[in-house]
file target.txt (compact mmCIF, C-alpha atoms)
# COMPACT_ATOMS: atom_id res chain seq x y z
CA MET A 9 12.08 -2.70 11.43
CA MET A 10 10.02 -0.48 9.18
CA PHE A 11 7.44 -0.04 11.91
CA GLY A 12 9.88 0.72 14.71
CA ALA A 13 11.25 -2.53 16.08
CA MET A 14 14.44 -1.71 17.97
CA PRO A 15 17.55 -3.95 18.18
CA PRO A 16 16.44 -5.84 21.34
CA LYS A 17 13.12 -6.78 19.67
CA ILE A 18 14.89 -7.70 16.42
CA ALA A 19 17.37 -9.89 18.33
CA SER A 20 14.61 -11.63 20.24
CA THR A 21 12.36 -12.14 17.20
CA SER A 22 15.09 -13.35 14.86
CA LYS A 23 17.03 -15.16 17.62
CA CYS A 24 20.30 -13.45 16.76
CA PRO A 25 22.87 -11.74 19.00
CA LEU A 26 22.14 -8.13 19.97
CA ALA A 27 25.23 -6.94 18.06
CA ALA A 28 23.89 -8.52 14.84
CA ALA A 29 20.47 -6.99 15.47
CA GLU A 30 22.07 -3.57 15.95
CA GLN A 31 23.94 -3.98 12.65
CA LEU A 32 20.70 -4.99 10.89
CA TYR A 33 18.88 -2.03 12.43
CA ASN A 34 21.60 0.45 11.45
CA THR A 35 21.87 -0.88 7.90
CA PHE A 36 18.09 -0.82 7.43
CA HIS A 37 17.53 2.66 8.89
CA TYR A 38 20.68 4.53 7.94
CA THR A 39 21.85 2.89 4.72
CA LEU A 40 18.91 1.25 2.95
CA TYR A 41 15.95 3.41 4.07
CA PRO A 42 17.18 6.59 5.75
CA GLY A 43 13.94 8.41 4.90
CA LEU A 44 11.93 6.22 7.29
CA THR A 45 14.03 7.15 10.28
CA LYS A 46 14.22 10.79 9.21
CA TYR A 47 10.41 10.94 8.95
CA ARG A 48 9.97 9.42 12.40
CA GLU A 49 12.70 11.43 14.15
CA ASP A 50 12.44 14.75 12.30
CA TYR A 51 8.69 14.96 11.80
CA VAL A 52 6.49 12.60 13.83
CA LEU A 53 8.33 12.90 17.15
CA PRO A 54 8.88 16.70 17.23
CA GLN A 55 5.39 17.43 15.86
CA THR A 56 3.75 15.28 18.53
CA LYS A 57 5.92 16.78 21.27
CA LYS A 58 4.99 20.28 20.11
CA ASP A 59 1.22 19.76 19.73
CA GLY A 60 0.52 16.75 21.98
CA ASP A 61 -0.96 14.98 18.97
CA ILE A 62 -0.27 14.06 15.34
CA HIS A 63 -2.68 14.38 12.43
CA LEU A 64 -4.05 11.46 10.47
CA GLY A 65 -6.40 11.42 7.51
CA PHE A 66 -10.01 12.62 7.51
CA GLY A 67 -9.20 15.29 10.11
CA LEU A 68 -8.44 12.71 12.79
CA ARG A 69 -5.64 13.13 15.31
CA ILE A 70 -3.95 10.76 17.74
CA ILE A 71 -3.10 12.22 21.14
CA SER A 72 0.03 11.33 23.10
CA SER A 73 1.14 12.60 26.50
CA ASN A 74 4.46 10.77 26.07
CA PRO A 75 5.65 10.82 22.44
CA ASN A 76 9.01 9.20 23.26
CA ARG A 77 7.20 6.19 24.75
CA ASP A 78 4.54 6.15 22.01
CA ILE A 79 6.76 6.84 18.99
CA ARG A 80 6.38 3.38 17.48
CA SER A 81 2.57 3.59 17.47
CA LEU A 82 2.55 7.25 16.42
CA ASN A 83 4.85 6.55 13.48
CA ASN A 84 3.00 3.41 12.41
CA VAL A 85 -0.42 5.03 12.42
CA THR A 86 0.75 7.95 10.30
CA ILE A 87 2.34 5.57 7.77
CA GLN A 88 -0.52 3.06 7.65
CA PHE A 89 -3.58 5.26 8.05
CA TYR A 90 -4.12 5.96 4.37
CA ASP A 91 -4.66 2.30 3.52
CA VAL A 92 -8.28 3.18 4.29
CA ILE A 93 -8.32 4.72 0.79
CA THR A 94 -7.59 1.26 -0.61
CA LEU A 95 -10.49 -0.21 1.35
CA ILE A 96 -12.82 2.50 0.03
CA ALA A 97 -11.68 1.59 -3.50
CA LEU A 98 -12.21 -2.12 -2.80
CA GLU A 99 -15.78 -1.52 -1.69
CA ALA A 100 -16.46 0.61 -4.78
CA ILE A 101 -14.94 -1.88 -7.24
CA GLN A 102 -16.76 -4.81 -5.61
CA ASP A 103 -20.02 -2.94 -6.09
CA GLN A 104 -19.20 -2.41 -9.77
CA ILE A 105 -18.12 -6.06 -10.18
CA ASN A 106 -21.47 -7.20 -8.79
CA LYS A 107 -23.47 -4.76 -10.95
CA ALA A 108 -21.62 -5.90 -14.08
CA GLY A 109 -22.28 -9.58 -13.32
CA TYR A 110 -18.58 -10.44 -12.91
CA ALA A 111 -18.74 -11.76 -9.34
CA GLN A 112 -17.67 -15.23 -10.54
CA ASP A 113 -15.00 -13.83 -12.88
CA ILE A 114 -13.22 -11.24 -10.72
CA LEU A 115 -12.52 -12.27 -7.14
CA PRO A 116 -10.82 -9.86 -4.72
CA VAL A 117 -8.31 -11.92 -2.74
CA ASN A 118 -6.17 -9.45 -0.77
CA THR A 119 -5.28 -5.85 0.00
CA ILE A 120 -1.95 -4.50 1.14
CA TYR A 121 -1.84 -0.79 1.99
CA ASP A 122 -2.05 0.69 -1.51
CA ALA A 123 -2.76 -2.42 -3.59
CA LEU A 124 -5.75 -4.60 -4.40
CA TYR A 125 -5.24 -8.18 -5.55
CA PHE A 126 -7.70 -10.16 -7.66
CA GLU A 127 -8.01 -13.55 -9.23
CA ILE A 128 -9.52 -12.92 -12.64
CA ARG A 129 -10.76 -15.14 -15.42
CA GLU A 130 -8.32 -15.14 -18.33
CA ASP A 131 -10.67 -13.34 -20.69
CA PRO A 132 -9.49 -10.16 -22.45
CA LYS A 133 -12.97 -8.63 -22.22
CA ILE A 134 -13.05 -9.09 -18.43
CA VAL A 135 -9.46 -7.85 -18.02
CA LYS A 136 -10.35 -4.77 -20.07
CA TRP A 137 -13.44 -4.14 -17.97
CA LEU A 138 -11.39 -4.33 -14.75
CA ASN A 139 -8.66 -2.05 -16.12
CA ASP A 140 -11.17 0.51 -17.41
CA THR A 141 -13.24 0.43 -14.20
CA LEU A 142 -10.63 0.07 -11.45
CA ILE A 143 -8.25 2.88 -12.43
CA PRO A 144 -10.83 5.71 -12.18
CA ILE A 145 -12.01 4.35 -8.82
CA MET A 146 -8.50 4.17 -7.37
CA THR A 147 -7.50 7.62 -8.65
CA THR A 148 -10.57 9.45 -7.34
CA GLN A 149 -9.58 12.47 -5.27
CA LEU A 150 -11.05 11.92 -1.80
CA PHE A 151 -9.81 15.03 0.00
CA GLU A 152 -10.32 18.73 -0.64
CA GLU A 153 -6.65 19.58 -0.27
CA GLU A 154 -5.00 16.56 -1.83
CA PHE A 155 -1.40 17.55 -2.47
CA VAL A 156 -0.29 14.17 -3.80
CA PRO A 157 -2.81 12.78 -6.28
CA ASN A 158 -3.74 9.11 -6.19
CA VAL A 159 -2.25 7.13 -9.06
CA ALA A 160 -2.98 3.57 -10.10
CA ASN A 161 -2.22 0.98 -12.73
CA LEU A 162 -3.27 -2.59 -13.38
CA ASP A 163 -0.54 -5.22 -13.41
CA ILE A 164 -1.41 -8.74 -14.49
CA GLY A 165 0.50 -11.99 -14.26
CA LYS A 166 0.56 -15.49 -12.86
CA ASN A 167 2.34 -14.36 -9.68
CA LEU A 168 3.79 -11.25 -8.04
CA GLY A 169 7.24 -11.90 -9.51
CA GLU A 170 6.07 -11.84 -13.12
CA GLN A 171 3.80 -8.85 -13.62
CA TYR A 172 3.02 -6.82 -16.73
CA GLU A 173 1.57 -3.33 -16.47
CA LEU A 174 -1.38 -2.62 -18.73
CA PRO A 175 -1.79 0.90 -20.08
CA HIS A 176 -4.86 2.73 -18.82
CA ASN A 177 -7.78 1.94 -21.13
CA ALA A 178 -5.75 -0.78 -22.85
CA THR A 179 -7.27 -2.16 -26.02
CA ILE A 180 -8.29 -5.79 -26.42
CA LYS A 181 -5.29 -6.17 -28.76
CA GLN A 182 -2.89 -4.84 -26.08
CA ILE A 183 -4.46 -7.12 -23.48
CA ASN A 184 -4.18 -10.17 -25.77
CA GLU A 185 -0.51 -9.34 -26.41
CA THR A 186 0.12 -9.11 -22.66
CA LEU A 187 -1.75 -12.36 -21.97
CA GLN A 188 0.41 -14.03 -24.65
CA LYS A 189 3.60 -12.81 -22.90
CA ILE A 190 2.30 -14.31 -19.66
CA LYS A 191 1.62 -17.66 -21.34
CA GLU A 192 5.11 -17.71 -22.88
CA LYS A 193 6.80 -17.27 -19.49

call {"tool": "encode", "arguments": {"input": "target.txt", "output": "structure tokens"}}
result
Amino acid sequence: MMFGAMPPKIASTSKCPLAAAEQLYNTFHYTLYPGLTKYREDYVLPQTKKDGDIHLGFGLRIISSNPNRDIRSLNNVTIQFYDVITLIALEAIQDQINKAGYAQDILPVNTIYDALYFEIREDPKIVKWLNDTLIPIMTTQLFEEEFVPNVANLDIGKNLGEQYELPHNATIKQINETLQKIKEK
């Protein structure tokens, strides 16, 4: 639903009646996440109708001769385009991991839009290195007119449901304390 699936698609995908899909759609878009619909309907659609295109990052634009027909793709690309920043950060951190000799200790395993996921050896020195190295890479300003600065933090844990945020430039003592909390869970 976040990326524009309408009630008929929701009903067909989830194998529920159209009325239930309409209720899900309305709850998602108008109660839980009204900003998503507002962005699509009040910005993406009128802007594309006015200009015949919509801007993306790096000066790119996507052209549409029929914004009503193309709204799902137009909206999705504007929302998802900036995950390229995460991929730039991944390439930069992988280079640093290799240079530091940590290729067997820090393994990138996934990216999701604005997040990088690693499996990392449970060694405070290695965790500190990643925290100290990753944050500056992920917060680098990549655009001349960057109105919303990139922010980042390192969360560690055994799984996504049990994460602990490390302070930037955490000390070995702080990292050991956090690792102890993880072990006690």

call {"tool": "residues_around", "arguments": {"input": "target.txt", "residues": "Asp61 of chain A", "least_positions_apart": "5", "cutoff": "9 Å", "atoms": "all atoms listed in the file", "output": "ChimeraX atom specification"}}
result
/A:55-56,69-73,75,82

call {"tool": "residues_around", "arguments": {"input": "target.txt", "residues": "Ala29 of chain A", "least_positions_apart": "6", "cutoff": "10 Å", "atoms": "all atoms listed in the file", "output": "ChimeraX atom specification"}}
result
/A:14-23,35

call {"tool": "closest_residue", "arguments": {"input": "target.txt", "among": "A:Ala111, A:Ile190, A:Ile183, A:Ile128", "to": "Gly169 of chain A", "atoms": "all atoms listed in the file"}}
result
A:Ile190

call {"tool": "closest_residue", "arguments": {"input": "target.txt", "among": "A:Lys193, A:Leu174, A:Gln182, A:Met9", "to": "Tyr38 of chain A", "atoms": "all atoms listed in the file"}}
result
A:Met9

call {"tool": "atom_distance", "arguments": {"input": "target.txt", "atom1": "atom CA of Trp137 of chain A", "atom2": "atom CA of Asp122 of chain A"}}
result
20.6 Å

call {"tool": "closest_residue", "arguments": {"input": "target.txt", "among": "A:Pro25, A:Pro175, A:Gly12, A:Pro144", "to": "Leu162 of chain A", "atoms": "only C-alpha atoms"}}
result
A:Pro175

call {"tool": "closest_residue", "arguments": {"input": "target.txt", "among": "A:Leu95, A:Ile79, A:Ala28, A:Leu150", "to": "Leu53 of chain A", "atoms": "all atoms listed in the file"}}
result
A:Ile79

call {"tool": "closest_residue", "arguments": {"input": "target.txt", "among": "A:Asn177, A:Thr94, A:Gln102, A:Asn167", "to": "Met146 of chain A", "atoms": "all atoms listed in the file"}}
result
A:Thr94

call {"tool": "closest_residue", "arguments": {"input": "target.txt", "among": "A:Glu192, A:Glu30, A:Glu152, A:Asp140", "to": "Thr179 of chain A", "atoms": "all atoms listed in the file"}}
result
A:Asp140

call {"tool": "residues_around", "arguments": {"input": "target.txt", "residues": "Gln88 of chain A", "least_positions_apart": "4", "cutoff": "10 Å", "atoms": "all atoms listed in the file", "output": "number ranges by chain"}}
result
A: 11, 64, 83-84, 92, 121-122

call {"tool": "atom_distance", "arguments": {"input": "target.txt", "atom1": "atom CA of Cys24 of chain A", "atom2": "atom CA of Leu44 of chain A"}}
result
23.4 Å

call {"tool": "atom_distance", "arguments": {"input": "target.txt", "atom1": "atom CA of Asn184 of chain A", "atom2": "atom CA of Pro132 of chain A"}}
result
6.3 Å

call {"tool": "residues_near_point", "arguments": {"input": "target.txt", "point": "(-1.3, 0.6, -14.2)", "cutoff": "10 Å", "atoms": "all atoms listed in the file", "output": "list in words"}}
result
Asn139, Leu142, Ile143, Val159, Ala160, Asn161, Leu162, Asp163, Ile164, Tyr172, Glu173, Leu174, Pro175, His176, Asn177 and Ala178 of chain A

call {"tool": "decode", "arguments": {"input": "target.txt", "residues": "segment 47-73 of chain A", "atoms": "C-alpha atoms", "output": "PDB file, in the first residue's frame"}}
result
ATOM      1  CA  TYR A  47       2.657  13.694  -0.648  1.00  0.00           C
ATOM      2  CA  ARG A  48       1.464  11.704  -3.649  1.00  0.00           C
ATOM      3  CA  GLU A  49      -1.767  13.644  -4.246  1.00  0.00           C
ATOM      4  CA  ASP A  50      -0.675  17.164  -3.243  1.00  0.00           C
ATOM      5  CA  TYR A  51       2.891  17.165  -4.543  1.00  0.00           C
ATOM      6  CA  VAL A  52       3.899  14.403  -6.963  1.00  0.00           C
ATOM      7  CA  LEU A  53       0.745  14.384  -9.089  1.00  0.00           C
ATOM      8  CA  PRO A  54       0.230  18.168  -9.488  1.00  0.00           C
ATOM      9  CA  GLN A  55       3.960  18.828  -9.977  1.00  0.00           C
ATOM     10  CA  THR A  56       4.183  16.226 -12.735  1.00  0.00           C
ATOM     11  CA  LYS A  57       1.004  17.499 -14.396  1.00  0.00           C
ATOM     12  CA  LYS A  58       2.370  21.049 -14.320  1.00  0.00           C
ATOM     13  CA  ASP A  59       5.891  20.306 -15.623  1.00  0.00           C
ATOM     14  CA  GLY A  60       5.472  16.986 -17.460  1.00  0.00           C
ATOM     15  CA  ASP A  61       8.168  15.528 -15.213  1.00  0.00           C
ATOM     16  CA  ILE A  62       9.223  15.152 -11.575  1.00  0.00           C
ATOM     17  CA  HIS A  63      12.690  15.691 -10.166  1.00  0.00           C
ATOM     18  CA  LEU A  64      14.807  12.970  -8.625  1.00  0.00           C
ATOM     19  CA  GLY A  65      18.251  13.157  -7.081  1.00  0.00           C
ATOM     20  CA  PHE A  66      21.466  14.077  -8.896  1.00  0.00           C
ATOM     21  CA  GLY A  67      19.558  16.432 -11.224  1.00  0.00           C
ATOM     22  CA  LEU A  68      17.643  13.577 -12.842  1.00  0.00           C
ATOM     23  CA  ARG A  69      13.997  13.856 -13.841  1.00  0.00           C
ATOM     24  CA  ILE A  70      11.379  11.305 -14.850  1.00  0.00           C
ATOM     25  CA  ILE A  71       9.069  12.356 -17.673  1.00  0.00           C
ATOM     26  CA  SER A  72       5.379  11.439 -17.840  1.00  0.00           C
ATOM     27  CA  SER A  73       2.838  12.318 -20.520  1.00  0.00           C
TER      28      SER A  73
END
